[in-house]
>>> print(open('final24.txt').read())   # compact mmCIF, C-alpha atoms
# COMPACT_ATOMS: atom_id res chain seq x y z
CA THR A 163 -43.93 139.04 63.66
CA LEU A 164 -46.90 136.64 64.00
CA ASP A 165 -50.01 137.70 65.85
CA PHE A 166 -51.38 135.66 68.75
CA ASP A 167 -53.91 133.65 66.73
CA GLU A 168 -51.21 132.67 64.23
CA TYR A 169 -49.02 131.42 67.07
CA LEU A 170 -51.88 129.29 68.40
CA LYS A 171 -52.20 127.61 65.01
CA GLU A 172 -48.52 126.63 65.20
CA CYS A 173 -49.03 124.91 68.55
CA GLN A 174 -49.34 121.39 67.12
CA PRO A 175 -47.82 118.03 68.23
CA ASP A 176 -45.68 117.87 65.08
CA ASN A 177 -43.97 121.14 66.08
CA ILE A 178 -40.99 120.03 68.18
CA TYR A 179 -40.83 123.44 69.88
CA TYR A 180 -44.05 122.56 71.74
CA ASN A 181 -43.76 118.77 71.83
CA TYR A 182 -41.57 118.11 74.86
CA TYR A 183 -41.61 114.36 74.34
CA LYS A 184 -40.03 114.64 70.89
CA MET A 185 -37.65 117.36 72.10
CA LEU A 186 -36.39 115.28 75.05
CA ASN A 187 -35.98 112.23 72.84
CA MET A 188 -33.66 114.26 70.61
CA TRP A 189 -31.61 115.42 73.61
CA SER A 190 -31.39 111.89 75.03
CA SER A 191 -30.33 110.49 71.65
CA VAL A 192 -27.25 112.74 71.80
CA PHE A 193 -26.40 112.88 75.52
CA GLY A 194 -27.92 109.59 76.69
CA PHE A 195 -31.13 108.86 78.53
CA ALA A 196 -29.38 108.81 81.93
CA SER A 197 -28.18 112.38 81.39
CA ILE A 198 -31.70 113.78 81.06
CA LYS A 199 -33.34 114.96 84.28
CA VAL A 200 -36.90 116.20 83.80
CA LYS A 201 -38.47 118.44 86.43
CA ILE A 202 -41.96 119.88 86.66
CA PHE A 203 -42.10 123.67 86.38
CA SER A 204 -44.47 124.27 89.28
CA LYS A 205 -43.90 126.08 92.56
CA SER A 206 -45.22 123.12 94.52
CA ALA A 207 -42.56 120.92 92.88
CA PHE A 208 -39.62 123.32 93.44
CA VAL A 209 -37.09 122.73 96.21
CA GLY A 210 -38.16 125.10 98.97
CA ASP A 211 -40.99 126.34 96.72
CA ASP A 212 -38.37 128.48 94.99
CA LEU A 213 -37.21 128.25 91.36
CA ILE A 214 -33.68 129.49 92.11
CA CYS A 215 -33.23 127.02 94.98
CA ASP A 216 -34.52 124.26 92.74
CA TYR A 217 -31.98 125.11 90.04
CA LEU A 218 -29.12 125.38 92.54
CA SER A 219 -30.05 121.98 93.99
CA CYS A 220 -29.37 120.47 90.55
CA VAL A 221 -25.97 122.17 90.28
CA SER A 222 -24.80 121.85 93.89
CA PRO A 223 -27.12 121.92 96.96
CA ASP A 224 -24.41 123.75 98.93
CA LEU A 225 -24.97 126.82 96.75
CA ILE A 226 -28.46 127.38 98.16
CA ALA A 227 -27.06 128.79 101.40
CA VAL A 228 -24.52 131.14 99.80
CA VAL A 229 -26.14 132.53 96.64
CA ASP A 230 -28.08 135.80 96.91
CA LYS A 231 -31.60 134.97 95.78
CA ASN A 232 -33.10 138.45 96.27
CA ILE A 233 -32.88 139.55 92.65
CA GLY A 234 -36.35 141.05 92.15
CA TYR A 235 -38.54 140.47 89.14
CA GLN A 236 -36.97 139.54 85.82
CA ASN A 237 -38.52 139.08 82.38
CA VAL A 238 -41.98 140.22 83.51
CA SER A 239 -45.07 139.66 81.38
CA ILE A 240 -46.29 142.40 79.03
CA ASN A 241 -49.95 143.37 78.93
CA ALA A 242 -52.05 143.07 75.78
CA PHE A 243 -51.49 146.66 74.68
CA GLY A 244 -47.72 146.34 75.14
CA GLN A 245 -47.79 143.09 73.19
CA GLY A 246 -49.52 144.90 70.35
CA LEU A 247 -46.85 147.59 70.35
CA LEU A 248 -44.08 144.98 70.42
CA LEU A 249 -45.64 143.24 67.44
CA SER A 250 -45.56 146.53 65.54
CA VAL A 251 -41.94 147.13 66.52
CA ASN A 252 -40.97 143.62 65.39
CA ARG A 253 -42.52 144.30 62.01
CA LEU A 254 -41.10 147.81 61.59
CA LEU A 255 -37.68 147.12 63.12
CA PRO A 256 -37.13 143.38 62.62
CA LYS A 257 -34.11 141.59 64.04
CA TYR A 258 -33.71 139.57 60.87
CA VAL A 259 -34.56 140.00 57.19
CA ASP A 260 -34.06 137.00 54.90
CA GLY A 261 -32.14 135.27 57.67
CA LYS A 262 -29.67 138.13 58.11
CA ARG A 263 -29.45 140.10 61.36
CA LEU A 264 -29.95 143.86 60.95
CA ASN A 265 -27.37 145.21 63.38
CA LYS A 266 -27.89 148.83 62.34
CA SER A 267 -31.35 149.11 63.91
CA GLN A 268 -30.68 146.98 67.00
CA PRO A 269 -29.62 149.72 69.51
CA LEU A 270 -32.75 151.76 68.76
CA ARG A 271 -34.90 148.64 68.78
CA ARG A 272 -33.53 147.55 72.16
CA ARG A 273 -34.28 150.97 73.69
CA ILE A 274 -37.84 150.92 72.38
CA VAL A 275 -38.43 147.40 73.68
CA GLU A 276 -37.11 148.39 77.11
CA ILE A 277 -39.52 151.34 77.17
CA ILE A 278 -42.47 149.09 76.35
CA GLU A 279 -41.40 146.56 79.00
CA SER A 280 -41.20 149.25 81.67
CA CYS A 281 -44.50 150.95 80.78
CA PHE A 282 -46.79 148.04 79.96
CA SER A 283 -46.20 145.14 82.33
CA GLY A 284 -49.20 143.01 83.29
CA PHE A 285 -51.41 140.22 82.00
CA GLY A 286 -51.06 139.50 78.30
CA THR A 287 -53.42 137.97 75.79
CA ALA A 288 -54.49 134.41 76.63
CA PRO A 289 -56.08 131.69 74.51
CA SER A 290 -59.81 131.18 74.59
CA THR A 291 -61.18 128.27 76.60
CA SER A 292 -61.88 126.33 73.40
CA ASP A 293 -58.35 126.89 72.05
CA TYR A 294 -56.89 125.88 75.40
CA GLN A 295 -58.93 122.66 75.40
CA ARG A 296 -57.96 121.85 71.82
CA ILE A 297 -54.25 122.26 72.57
CA CYS A 298 -54.44 120.14 75.74
CA ASP A 299 -56.27 117.38 73.90
CA SER A 300 -53.83 117.36 70.98
CA PHE A 301 -50.82 116.88 73.29
CA TYR A 302 -52.47 114.39 75.64
CA GLU A 303 -50.79 111.28 74.21
CA SER A 304 -47.29 112.74 73.84
CA ASN A 305 -47.40 114.21 77.36
CA LYS A 306 -48.57 110.87 78.73
CA MET A 307 -45.62 109.08 77.07
CA LEU A 308 -43.26 111.76 78.38
CA SER A 309 -44.50 111.31 81.92
CA LYS A 310 -44.12 107.54 81.77
CA LYS A 311 -40.67 107.54 80.15
CA TYR A 312 -38.96 110.46 81.89
CA LEU A 313 -40.80 110.70 85.21
CA SER A 314 -41.50 106.98 85.66
CA LYS A 315 -45.09 107.66 86.57
CA ASN A 316 -48.42 107.56 84.84
CA CYS A 317 -49.60 111.08 85.58
CA LYS A 318 -50.57 114.25 83.79
CA PHE A 319 -47.53 116.26 82.79
CA PHE A 320 -49.46 119.55 82.91
CA ASP A 321 -52.22 120.60 85.27
CA PHE A 322 -55.41 121.52 83.47
CA SER A 323 -55.70 125.23 84.19
CA PRO A 324 -57.75 127.16 81.61
CA PRO A 325 -57.18 130.94 81.45
CA CYS A 326 -59.42 133.13 83.55
CA ARG A 327 -62.31 134.57 81.59
CA LYS A 328 -61.18 138.12 82.36
CA ASN A 329 -57.82 137.45 80.65
CA ILE A 330 -58.99 135.89 77.38
CA SER A 331 -60.12 139.09 75.66
CA ARG A 332 -58.21 140.24 72.60
CA LYS A 333 -58.86 143.84 73.64
CA PHE A 334 -56.18 145.92 75.30
CA ILE A 335 -56.34 145.56 79.06
CA ARG A 336 -54.85 147.41 82.04
CA PHE A 337 -54.10 150.28 79.69
CA THR A 338 -53.80 153.80 81.12
CA LEU A 339 -53.57 157.16 79.41
CA VAL A 340 -50.64 158.08 81.63
CA GLY A 341 -48.72 154.98 80.52
CA PHE A 342 -49.43 155.74 76.88
CA GLN A 343 -48.33 159.36 77.21
CA LYS A 344 -45.13 158.20 78.93
CA PHE A 345 -44.44 155.71 76.16
CA THR A 346 -45.08 158.34 73.45
CA LYS A 347 -42.63 160.77 75.02
CA LEU A 348 -39.91 158.16 75.55
CA TYR A 349 -40.39 156.57 72.13
CA ILE A 350 -40.02 159.88 70.28
CA GLY A 351 -37.12 160.89 72.51
CA ALA A 352 -35.28 157.66 71.68
CA HIS A 353 -34.69 158.86 68.13
CA PRO A 354 -31.76 161.07 67.08
CA SER A 355 -34.05 163.97 66.10
CA LEU A 356 -37.55 165.15 66.95
CA SER A 357 -38.70 164.92 63.34
CA SER A 358 -37.49 161.35 62.86
CA GLY A 359 -39.00 160.41 66.22
CA PHE A 360 -42.43 161.74 65.26
CA PHE A 361 -42.20 160.14 61.83
CA ARG A 362 -41.41 156.69 63.21
CA TYR A 363 -43.98 157.11 65.98
CA PHE A 364 -46.84 157.85 63.61
CA GLU A 365 -45.60 155.08 61.31
CA LEU A 366 -45.74 152.74 64.31
CA MET A 367 -49.26 153.83 65.29
CA THR A 368 -50.54 153.64 61.73
CA TYR A 369 -49.06 150.19 61.19
CA HIS A 370 -50.47 148.94 64.47
>>> encode(input="final24.txt", output="structure tokens")
Amino acid sequence: TLDFDEYLKECQPDNIYYNYYKMLNMWSSVFGFASIKVKIFSKSAFVGDDLICDYLSCVSPDLIAVVDKNIGYQNVSINAFGQGLLLSVNRLLPKYVDGKRLNKSQPLRRRIVEIIESCFSGFGTAPSTSDYQRICDSFYESNKMLSKKYLSKNCKFFDFSPPCRKNISRKFIRFTLVGFQKFTKLYIGAHPSLSSGFFRYFELMTYH
């Protein structure tokens, strides 16, 4: 339910979700340092330049030759407009309220999310160049320690790759009228009645 700028503010070294050095230290304290195998998430570092092959090589290299790797795209990115709609859905139909899961609204919520995912794939909102630089600088020391401890090398853990200027805008991008009309029709049709569908749709648009 947080917007993008609020998420950026949470990206701090003291937040273990983003601090991989602290996170790995917690895992190694439970399972042992020797049990932790750190790999770089980069195509150039994957076995056979393929993420699935790289994963299978960790489980059993023999699987690479027998597992079907032609699975198509999964978990694709959502463009900025779709992200805005998802934010509205998360606020109107939250998964949790006061720590309790709201099972009653989940089937409808899942259908709406699937509609948004199918209609609004593409490049999402990216941090500004200044925010990107600030985040990289704040994690420099922890990433350096991670690299030395878990990769046994004194190298940068992440490549410095600022977002393209065309992708840093907060405005909706790659948005088409046809896609919006399709979403409107499917969203309203996902409700048990036309009246309730229109009511929730206009509530969604007004909230957003």
>>> closest_residue(input="final24.txt", among="A:Val238, A:Ala207, A:Val192, A:Leu218", to="Phe282 in chain A", atoms="all atoms listed in the file")
A:Val238
>>> atom_distance(input="final24.txt", atom1="CA of Leu270 in chain A", atom2="CA of Ala352 in chain A")
7.1 Å
>>> closest_residue(input="final24.txt", among="A:Ile240, A:Gly351, A:Val228, A:Tyr258", to="Thr287 in chain A", atoms="all atoms listed in the file")
A:Ile240
>>> axis_aligned_box(input="final24.txt", around="range 199-213 of chain A", padding_each_side="5 Å", output="AutoDock Vina command-line options")
--center_x -39.3 --center_y 121.7 --center_z 91.4 --size_x 21.9 --size_y 23.5 --size_z 25.2
>>> atom_distance(input="final24.txt", atom1="CA of Ile214 in chain A", atom2="CA of Ser239 in chain A")
18.7 Å
>>> closest_residue(input="final24.txt", among="A:Ser309, A:Thr291, A:Ser283, A:Ser304", to="Ile202 in chain A", atoms="only C-alpha atoms")
A:Ser309
>>> atom_distance(input="final24.txt", atom1="CA of Ser190 in chain A", atom2="CA of Ser206 in chain A")
26.4 Å
>>> closest_residue(input="final24.txt", among="A:Gly246, A:Cys281, A:Pro325, A:Arg273", to="Thr163 in chain A", atoms="only C-alpha atoms")
A:Gly246
>>> closest_residue(input="final24.txt", among="A:Tyr294, A:Phe203, A:Tyr235, A:Tyr180", to="Pro324 in chain A", atoms="only C-alpha atoms")
A:Tyr294
>>> closest_residue(input="final24.txt", among="A:Leu356, A:Ile274, A:Leu308, A:Leu366", to="Leu254 in chain A", atoms="all atoms listed in the file")
A:Leu366
>>> residues_around(input="final24.txt", residues="Cys173 in chain A", least_positions_apart="2", cutoff="12 Å", atoms="only C-alpha atoms", output="mmCIF file with C-alpha atoms, in the coordinates of the input")
data_model
loop_
_atom_site.group_PDB
_atom_site.id
_atom_site.type_symbol
_atom_site.label_atom_id
_atom_site.label_comp_id
_atom_site.auth_asym_id
_atom_site.auth_seq_id
_atom_site.Cartn_x
_atom_site.Cartn_y
_atom_site.Cartn_z
ATOM 1 C CA PHE A 166 -51.380 135.660 68.750
ATOM 2 C CA ASP A 167 -53.910 133.650 66.730
ATOM 3 C CA GLU A 168 -51.210 132.670 64.230
ATOM 4 C CA TYR A 169 -49.020 131.420 67.070
ATOM 5 C CA LEU A 170 -51.880 129.290 68.400
ATOM 6 C CA LYS A 171 -52.200 127.610 65.010
ATOM 7 C CA PRO A 175 -47.820 118.030 68.230
ATOM 8 C CA ASP A 176 -45.680 117.870 65.080
ATOM 9 C CA ASN A 177 -43.970 121.140 66.080
ATOM 10 C CA ILE A 178 -40.990 120.030 68.180
ATOM 11 C CA TYR A 179 -40.830 123.440 69.880
ATOM 12 C CA TYR A 180 -44.050 122.560 71.740
ATOM 13 C CA ASN A 181 -43.760 118.770 71.830
ATOM 14 C CA TYR A 182 -41.570 118.110 74.860
ATOM 15 C CA PRO A 289 -56.080 131.690 74.510
ATOM 16 C CA ASP A 293 -58.350 126.890 72.050
ATOM 17 C CA TYR A 294 -56.890 125.880 75.400
ATOM 18 C CA ARG A 296 -57.960 121.850 71.820
ATOM 19 C CA ILE A 297 -54.250 122.260 72.570
ATOM 20 C CA CYS A 298 -54.440 120.140 75.740
ATOM 21 C CA ASP A 299 -56.270 117.380 73.900
ATOM 22 C CA SER A 300 -53.830 117.360 70.980
ATOM 23 C CA PHE A 301 -50.820 116.880 73.290
#
>>> residues_around(input="final24.txt", residues="range 361-365 of chain A", least_positions_apart="5", cutoff="10 Å", atoms="only C-alpha atoms", output="list of chain:residue names")
A:Ser250, A:Leu254, A:Thr346, A:Lys347, A:Tyr349, A:Ile350, A:His353, A:Ser355, A:Leu356, A:His370
